[in-house]
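Next comes run19.cif, a file with mmCIF, C-alpha atoms and all ligand atoms.
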data_query
#
loop_
_atom_site.group_PDB
_atom_site.id
_atom_site.type_symbol
_atom_site.label_atom_id
_atom_site.label_comp_id
_atom_site.auth_asym_id
_atom_site.auth_seq_id
_atom_site.Cartn_x
_atom_site.Cartn_y
_atom_site.Cartn_z
ATOM 1 C CA MET V 29 -118.060 41.374 187.539
ATOM 2 C CA GLN V 30 -114.686 39.862 186.598
ATOM 3 C CA MET V 31 -113.326 39.520 183.053
ATOM 4 C CA ASN V 32 -113.610 35.744 183.378
ATOM 5 C CA GLU V 33 -117.336 36.053 184.021
ATOM 6 C CA ILE V 34 -120.279 36.966 181.825
ATOM 7 C CA GLU V 35 -123.897 37.857 182.598
ATOM 8 C CA CYS V 36 -126.307 35.469 180.884
ATOM 9 C CA ALA V 37 -130.054 35.504 180.329
ATOM 10 C CA GLY V 38 -130.724 32.087 178.829
ATOM 11 C CA PHE V 39 -129.806 29.294 176.443
ATOM 12 C CA ILE V 40 -131.747 27.296 173.869
ATOM 13 C CA GLU V 41 -130.331 24.102 172.450
ATOM 14 C CA GLU V 42 -131.632 24.373 168.911
ATOM 15 C CA SER V 43 -132.984 27.124 166.685
ATOM 16 C CA CYS V 44 -133.253 27.493 162.920
ATOM 17 C CA ASP V 45 -133.976 31.248 162.984
ATOM 18 C CA ASP V 46 -130.799 32.634 164.526
ATOM 19 C CA GLY V 47 -128.267 32.371 161.729
ATOM 20 C CA PRO V 48 -127.414 29.737 159.109
ATOM 21 C CA GLY V 49 -128.165 26.111 160.015
ATOM 22 C CA PHE V 50 -129.415 24.662 163.289
ATOM 23 C CA ARG V 51 -127.708 26.534 166.094
ATOM 24 C CA SER V 52 -127.770 26.747 169.867
ATOM 25 C CA VAL V 53 -128.404 30.266 171.131
ATOM 26 C CA LEU V 54 -126.838 31.884 174.197
ATOM 27 C CA PHE V 55 -128.610 35.057 175.322
ATOM 28 C CA LEU V 56 -126.495 37.587 177.196
ATOM 29 C CA GLN V 57 -128.169 39.899 179.674
ATOM 30 C CA GLY V 58 -128.515 43.637 179.195
ATOM 31 C CA CYS V 59 -128.817 46.179 176.405
ATOM 32 C CA SER V 60 -128.853 49.937 176.883
ATOM 33 C CA LYS V 61 -129.881 50.829 173.318
ATOM 34 C CA ASN V 62 -133.562 50.991 174.227
ATOM 35 C CA CYS V 63 -135.034 50.451 170.741
ATOM 36 C CA LYS V 64 -138.749 51.223 170.635
ATOM 37 C CA ASP V 65 -139.586 47.802 169.177
ATOM 38 C CA CYS V 66 -137.177 45.697 171.213
ATOM 39 C CA HIS V 67 -137.985 42.012 170.729
ATOM 40 C CA ASN V 68 -136.206 41.004 173.936
ATOM 41 C CA SER V 69 -137.161 43.744 176.360
ATOM 42 C CA ALA V 70 -137.453 41.294 179.263
ATOM 43 C CA ILE V 71 -133.650 40.922 179.323
ATOM 44 C CA LYS V 72 -132.672 44.555 178.751
ATOM 45 C CA ASN V 73 -131.532 45.399 182.277
ATOM 46 C CA HIS V 74 -127.980 44.642 183.329
ATOM 47 C CA GLY V 75 -127.771 43.124 186.795
ATOM 48 C CA GLU V 76 -130.897 40.990 186.456
ATOM 49 C CA GLY V 77 -129.262 37.997 184.745
ATOM 50 C CA THR V 78 -127.048 35.171 185.985
ATOM 51 C CA VAL V 79 -123.317 35.820 186.216
ATOM 52 C CA VAL V 80 -121.434 32.706 185.092
ATOM 53 C CA GLU V 81 -117.704 31.940 185.151
ATOM 54 C CA LEU V 82 -116.501 31.401 181.556
ATOM 55 C CA GLY V 83 -115.065 27.920 182.150
ATOM 56 C CA THR V 84 -118.372 26.785 183.651
ATOM 57 C CA LEU V 85 -120.262 28.308 180.723
ATOM 58 C CA ILE V 86 -118.029 26.600 178.147
ATOM 59 C CA ASP V 87 -118.595 23.245 179.856
ATOM 60 C CA TYR V 88 -122.343 23.866 179.755
ATOM 61 C CA ILE V 89 -122.289 24.858 176.085
ATOM 62 C CA ASP V 90 -120.189 21.845 175.157
ATOM 63 C CA ARG V 91 -122.645 19.493 176.865
ATOM 64 C CA ASN V 92 -125.717 21.102 175.293
ATOM 65 C CA CYS V 93 -124.700 22.249 171.812
ATOM 66 C CA GLY V 94 -124.613 19.090 169.723
ATOM 67 C CA ASN V 95 -123.262 20.408 166.425
ATOM 68 C CA LYS V 96 -120.790 23.086 167.598
ATOM 69 C CA LYS V 97 -122.789 25.860 165.964
ATOM 70 C CA ILE V 98 -123.705 28.656 168.348
ATOM 71 C CA THR V 99 -125.264 32.092 168.136
ATOM 72 C CA ILE V 100 -124.590 34.620 170.887
ATOM 73 C CA SER V 101 -127.473 37.065 171.158
ATOM 74 C CA GLY V 102 -129.025 39.285 173.783
ATOM 75 C CA GLY V 103 -129.440 41.797 175.087
ATOM 76 C CA GLU V 104 -126.385 43.349 173.555
ATOM 77 C CA PRO V 105 -123.361 41.017 173.486
ATOM 78 C CA PHE V 106 -120.896 43.868 172.879
ATOM 79 C CA GLU V 107 -121.888 45.606 176.109
ATOM 80 C CA GLN V 108 -119.858 42.795 177.731
ATOM 81 C CA LYS V 109 -117.111 43.089 175.153
ATOM 82 C CA GLU V 110 -114.059 41.866 177.091
ATOM 83 C CA SER V 111 -115.857 38.812 178.464
ATOM 84 C CA LEU V 112 -117.434 38.155 175.059
ATOM 85 C CA LEU V 113 -114.026 38.255 173.359
ATOM 86 C CA ALA V 114 -112.636 35.785 175.892
ATOM 87 C CA LEU V 115 -115.648 33.503 175.369
ATOM 88 C CA VAL V 116 -115.498 33.457 171.559
ATOM 89 C CA ARG V 117 -111.706 33.012 171.642
ATOM 90 C CA MET V 118 -112.148 29.852 173.718
ATOM 91 C CA LEU V 119 -115.044 28.554 171.610
ATOM 92 C CA LYS V 120 -113.162 29.168 168.348
ATOM 93 C CA GLY V 121 -110.235 27.244 169.827
ATOM 94 C CA MET V 122 -112.669 24.332 170.191
ATOM 95 C CA ASP V 123 -113.708 24.643 166.501
ATOM 96 C CA TYR V 124 -117.106 26.201 167.093
ATOM 97 C CA ASN V 125 -118.946 27.992 164.300
ATOM 98 C CA ILE V 126 -119.937 31.277 165.954
ATOM 99 C CA CYS V 127 -122.540 33.903 165.066
ATOM 100 C CA ILE V 128 -123.036 37.151 167.007
ATOM 101 C CA TYR V 129 -126.392 38.970 166.988
ATOM 102 C CA THR V 130 -125.767 42.626 167.779
ATOM 103 C CA GLY V 131 -128.005 45.676 167.659
ATOM 104 C CA TRP V 132 -124.971 47.796 166.785
ATOM 105 C CA ASP V 133 -124.384 48.877 163.223
ATOM 106 C CA TYR V 134 -121.575 47.343 161.185
ATOM 107 C CA GLU V 135 -119.289 50.395 161.581
ATOM 108 C CA ASN V 136 -119.365 50.018 165.369
ATOM 109 C CA VAL V 137 -118.678 46.294 165.566
ATOM 110 C CA PRO V 138 -115.290 45.863 167.323
ATOM 111 C CA LYS V 139 -112.813 44.800 164.627
ATOM 112 C CA GLU V 140 -111.042 42.281 166.845
ATOM 113 C CA ILE V 141 -114.160 40.083 166.984
ATOM 114 C CA TRP V 142 -113.686 38.935 163.364
ATOM 115 C CA LYS V 143 -110.719 36.756 164.303
ATOM 116 C CA TYR V 144 -113.044 34.497 166.267
ATOM 117 C CA VAL V 145 -116.464 34.546 164.632
ATOM 118 C CA ASP V 146 -118.053 33.332 161.395
ATOM 119 C CA TYR V 147 -121.133 35.556 161.206
ATOM 120 C CA VAL V 148 -122.276 38.867 162.669
ATOM 121 C CA LYS V 149 -125.869 40.121 162.416
ATOM 122 C CA THR V 150 -126.053 43.896 162.831
ATOM 123 C CA GLY V 151 -128.791 46.431 163.655
ATOM 124 C CA GLY V 152 -131.713 46.645 166.080
ATOM 125 C CA PHE V 153 -135.238 45.561 165.163
ATOM 126 C CA VAL V 154 -137.504 48.277 163.672
ATOM 127 C CA SER V 155 -141.139 47.181 163.320
ATOM 128 C CA SER V 156 -141.923 49.671 160.508
ATOM 129 C CA LEU V 157 -139.198 47.925 158.471
ATOM 130 C CA HIS V 158 -140.440 44.401 159.256
ATOM 131 C CA ASP V 159 -139.977 42.154 156.228
ATOM 132 C CA GLU V 160 -141.050 38.496 156.062
ATOM 133 C CA ASN V 161 -139.086 37.894 152.875
ATOM 134 C CA ILE V 162 -135.717 37.923 154.574
ATOM 135 C CA GLN V 163 -134.326 35.198 156.795
ATOM 136 C CA TYR V 164 -132.522 35.318 160.166
ATOM 137 C CA VAL V 165 -133.430 38.985 160.775
ATOM 138 C CA GLY V 166 -136.699 40.780 161.446
ATOM 139 C CA SER V 167 -136.365 44.100 159.647
ATOM 140 C CA SER V 168 -134.679 45.349 156.506
ATOM 141 C CA ASN V 169 -132.250 47.655 158.365
ATOM 142 C CA GLN V 170 -130.588 44.542 159.794
ATOM 143 C CA HIS V 171 -127.759 42.815 157.944
ATOM 144 C CA MET V 172 -125.659 39.691 158.255
ATOM 145 C CA TYR V 173 -121.963 39.421 157.449
ATOM 146 C CA LYS V 174 -119.815 36.358 156.989
ATOM 147 C CA TYR V 175 -116.079 36.121 157.629
ATOM 148 C CA VAL V 176 -114.560 33.885 154.988
ATOM 149 C CA ASN V 177 -110.922 33.487 153.896
ATOM 150 C CA GLY V 178 -109.921 36.682 155.696
ATOM 151 C CA ARG V 179 -112.686 38.733 154.057
ATOM 152 C CA ILE V 180 -115.983 40.081 155.358
ATOM 153 C CA GLU V 181 -118.922 39.546 152.977
ATOM 154 C CA GLU V 182 -122.533 40.602 153.400
ATOM 155 C CA LEU V 183 -124.986 37.721 152.977
ATOM 156 C CA ASP V 184 -128.067 37.980 150.773
ATOM 157 C CA LEU V 185 -130.861 37.087 153.236
ATOM 158 C CA THR V 186 -133.664 37.053 150.671
ATOM 159 C CA ILE V 187 -135.859 33.945 150.983
ATOM 160 C CA GLU V 188 -135.983 32.233 147.596
HETATM 161 S S1 LIG V 201 -130.478 46.496 170.201
HETATM 162 FE FE1 LIG V 201 -131.733 44.638 170.208
HETATM 163 S S2 LIG V 201 -131.806 43.977 172.393
HETATM 164 FE FE2 LIG V 201 -131.063 46.121 172.336
HETATM 165 S S3 LIG V 201 -132.904 47.361 172.689
HETATM 166 FE FE3 LIG V 201 -132.579 47.195 170.460
HETATM 167 S S4 LIG V 201 -133.800 45.426 169.770
HETATM 168 FE FE4 LIG V 201 -133.587 45.308 172.048
#
Would you mind writing the file's structure down as structure tokens?
Amino acid sequence: MQMNEIECAGFIEESCDDGPGFRSVLFLQGCSKNCKDCHNSAIKNHGEGTVVELGTLIDYIDRNCGNKKITISGGEPFEQKESLLALVRMLKGMDYNICIYTGWDYENVPKEIWKYVDYVKTGGFVSSLHDENIQYVGSSNQHMYKYVNGRIEELDLTIE
């Protein structure tokens, strides 16, 4: 696969569960973390998705994401790091509000991503830590961070 391509698993136009506000969600194919409780196990294998050229993908997103708010989930987005960086750089240049859903912990999130994204959700789903009193994530080991005015802040996800 080339750096100007990315392997995708799907796209939904509107969700209210995948980060703040109504957002489109792009699912990237493949995750090697193999969490016991994976919520997206059907798209875990690399090589079983659809490889799309980034320009074609951007055109598709722009036609189907009405409010320029997008979440990139998976699978594990950072397992396609170079292509992901190119994608978010282009989307940020078009004034998109971008959220990444990763199963990686905060310490492992590539620092260069913060230049181009507004939110990052970290951590894989753990069913024994499932908590219905928090929003946007499924279990209490997962966290969401916001990049604002050059600073990274953790969001309080408690449902009021
Ligand atoms: S990190 Fe997320 S997508 Fe990857 S195996 Fe774990 S729950 Fe599934």
Can you pull out the residues contacting Asp184 of chain V? Cut-off 9 Å, using only C-alpha atoms, and skip same-chain residues under 4 positions away; I want them as a tab-separated table (two decimals) with C-alpha atoms, in the frame of the given file.
chain	number	residue	atom	x	y	z
V	162	ILE	CA	-135.72	37.92	154.57
V	171	HIS	CA	-127.76	42.82	157.94
V	172	MET	CA	-125.66	39.69	158.26
Using all atoms listed in the file, find each protein or nucleic acid residue lying at most 6 Å from ligand LIG 201 (chain V); present the set as number ranges by chain.
-> V: 59, 61-63, 66-69, 102-104, 131, 152-153
For the selection you just gave me, I'd like the residues written to a file as a compact mmCIF listing (two decimals), keeping the file's coordinate frame, keeping C-alpha atoms.
# COMPACT_ATOMS: atom_id res chain seq x y z
CA CYS V 59 -128.82 46.18 176.40
CA LYS V 61 -129.88 50.83 173.32
CA ASN V 62 -133.56 50.99 174.23
CA CYS V 63 -135.03 50.45 170.74
CA CYS V 66 -137.18 45.70 171.21
CA HIS V 67 -137.99 42.01 170.73
CA ASN V 68 -136.21 41.00 173.94
CA SER V 69 -137.16 43.74 176.36
CA GLY V 102 -129.02 39.28 173.78
CA GLY V 103 -129.44 41.80 175.09
CA GLU V 104 -126.38 43.35 173.56
CA GLY V 131 -128.00 45.68 167.66
CA GLY V 152 -131.71 46.64 166.08
CA PHE V 153 -135.24 45.56 165.16
Give one line per residue of segment 142-166 of chain V that approaches segment 42-51 of chain V to at most 12 Å, naming the two atoms of the closest pair and their distance in Å to one decimal, counting all atoms listed in the file; sort by chain then ascending residue number and deliver it as a Markdown table.
| residue | atom | partner | partner_atom | distance |
| --- | --- | --- | --- | --- |
| V:Asp146 | CA | V:Gly47 | CA | 10.3 |
| V:Tyr147 | CA | V:Gly47 | CA | 7.8 |
| V:Val148 | CA | V:Gly47 | CA | 8.9 |
| V:Lys149 | CA | V:Gly47 | CA | 8.1 |
| V:Thr150 | CA | V:Gly47 | CA | 11.8 |
| V:Ile162 | CA | V:Asp45 | CA | 10.9 |
| V:Gln163 | CA | V:Asp45 | CA | 7.4 |
| V:Tyr164 | CA | V:Asp45 | CA | 5.2 |
| V:Val165 | CA | V:Asp46 | CA | 7.8 |
| V:Gly166 | CA | V:Asp45 | CA | 10.0 |
Selected by the PyMOL selection byres (((chain V and resi 138) around 12) and not hetatm) in the shown coordinates: which residues, as a PDB file with C-alpha atoms, in the frame of the given file?
ATOM      1  CA  PRO V 105    -123.361  41.017 173.486  1.00  0.00           C
ATOM      2  CA  PHE V 106    -120.896  43.868 172.879  1.00  0.00           C
ATOM      3  CA  GLU V 107    -121.888  45.606 176.109  1.00  0.00           C
ATOM      4  CA  GLN V 108    -119.858  42.795 177.731  1.00  0.00           C
ATOM      5  CA  LYS V 109    -117.111  43.089 175.153  1.00  0.00           C
ATOM      6  CA  GLU V 110    -114.059  41.866 177.091  1.00  0.00           C
ATOM      7  CA  LEU V 112    -117.434  38.155 175.059  1.00  0.00           C
ATOM      8  CA  LEU V 113    -114.026  38.255 173.359  1.00  0.00           C
ATOM      9  CA  ILE V 128    -123.036  37.151 167.007  1.00  0.00           C
ATOM     10  CA  THR V 130    -125.767  42.626 167.779  1.00  0.00           C
ATOM     11  CA  TRP V 132    -124.971  47.796 166.785  1.00  0.00           C
ATOM     12  CA  ASP V 133    -124.384  48.877 163.223  1.00  0.00           C
ATOM     13  CA  TYR V 134    -121.575  47.343 161.185  1.00  0.00           C
ATOM     14  CA  GLU V 135    -119.289  50.395 161.581  1.00  0.00           C
ATOM     15  CA  ASN V 136    -119.365  50.018 165.369  1.00  0.00           C
ATOM     16  CA  VAL V 137    -118.678  46.294 165.566  1.00  0.00           C
ATOM     17  CA  LYS V 139    -112.813  44.800 164.627  1.00  0.00           C
ATOM     18  CA  GLU V 140    -111.042  42.281 166.845  1.00  0.00           C
ATOM     19  CA  ILE V 141    -114.160  40.083 166.984  1.00  0.00           C
ATOM     20  CA  TRP V 142    -113.686  38.935 163.364  1.00  0.00           C
ATOM     21  CA  LYS V 143    -110.719  36.756 164.303  1.00  0.00           C
ATOM     22  CA  TYR V 144    -113.044  34.497 166.267  1.00  0.00           C
ATOM     23  CA  VAL V 145    -116.464  34.546 164.632  1.00  0.00           C
ATOM     24  CA  VAL V 148    -122.276  38.867 162.669  1.00  0.00           C
ATOM     25  CA  THR V 150    -126.053  43.896 162.831  1.00  0.00           C
TER      26      THR V 150
END
Atom CA of Cys127 of chain V to atom CA of Ser156 of chain V, straight-line distance in Å = 25.4 Å
Can I get C-alpha atoms for segment 103-146 of chain V, as a short mmCIF file (atom, residue, chain, number, x, y, z; two decimals), in the first residue's frame?
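To be explicit, this is the file written out as part25.cif:
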data_model
loop_
_atom_site.label_atom_id
_atom_site.label_comp_id
_atom_site.auth_asym_id
_atom_site.auth_seq_id
_atom_site.Cartn_x
_atom_site.Cartn_y
_atom_site.Cartn_z
CA GLY V 103 -9.68 -0.97 13.79
CA GLU V 104 -6.65 0.92 14.96
CA PRO V 105 -6.08 4.20 13.08
CA PHE V 106 -2.46 4.49 14.25
CA GLU V 107 -1.52 1.18 12.63
CA GLN V 108 -1.74 3.21 9.39
CA LYS V 109 0.06 6.15 10.93
CA GLU V 110 1.69 7.77 7.88
CA SER V 111 -1.48 7.62 5.79
CA LEU V 112 -3.55 8.77 8.78
CA LEU V 113 -1.28 11.78 9.31
CA ALA V 114 -1.60 12.73 5.64
CA LEU V 115 -5.39 12.36 5.84
CA VAL V 116 -5.87 14.48 8.97
CA ARG V 117 -3.44 17.11 7.64
CA MET V 118 -5.61 17.51 4.54
CA LEU V 119 -8.88 17.50 6.50
CA LYS V 120 -7.58 20.07 9.00
CA GLY V 121 -6.57 22.24 6.05
CA MET V 122 -10.25 22.13 5.05
CA ASP V 123 -11.32 23.23 8.57
CA TYR V 124 -12.61 19.88 9.75
CA ASN V 125 -13.11 19.16 13.44
CA ILE V 126 -11.35 15.81 13.87
CA CYS V 127 -11.56 13.14 16.57
CA ILE V 128 -9.42 9.98 16.61
CA TYR V 129 -10.59 6.83 18.41
CA THR V 130 -7.54 4.76 19.29
CA GLY V 131 -7.08 1.68 21.44
CA TRP V 132 -3.59 2.89 22.33
CA ASP V 133 -2.94 4.53 25.66
CA TYR V 134 -2.27 8.25 25.87
CA GLU V 135 1.51 7.79 26.34
CA ASN V 136 1.75 5.97 23.01
CA VAL V 137 -0.27 8.39 20.90
CA PRO V 138 2.12 9.88 18.29
CA LYS V 139 2.78 13.47 19.36
CA GLU V 140 2.66 14.85 15.83
CA ILE V 141 -1.05 14.02 15.55
CA TRP V 142 -2.02 16.87 17.91
CA LYS V 143 -1.24 19.50 15.28
CA TYR V 144 -4.16 18.25 13.21
CA VAL V 145 -6.82 16.89 15.55
CA ASP V 146 -9.26 18.26 18.14
#
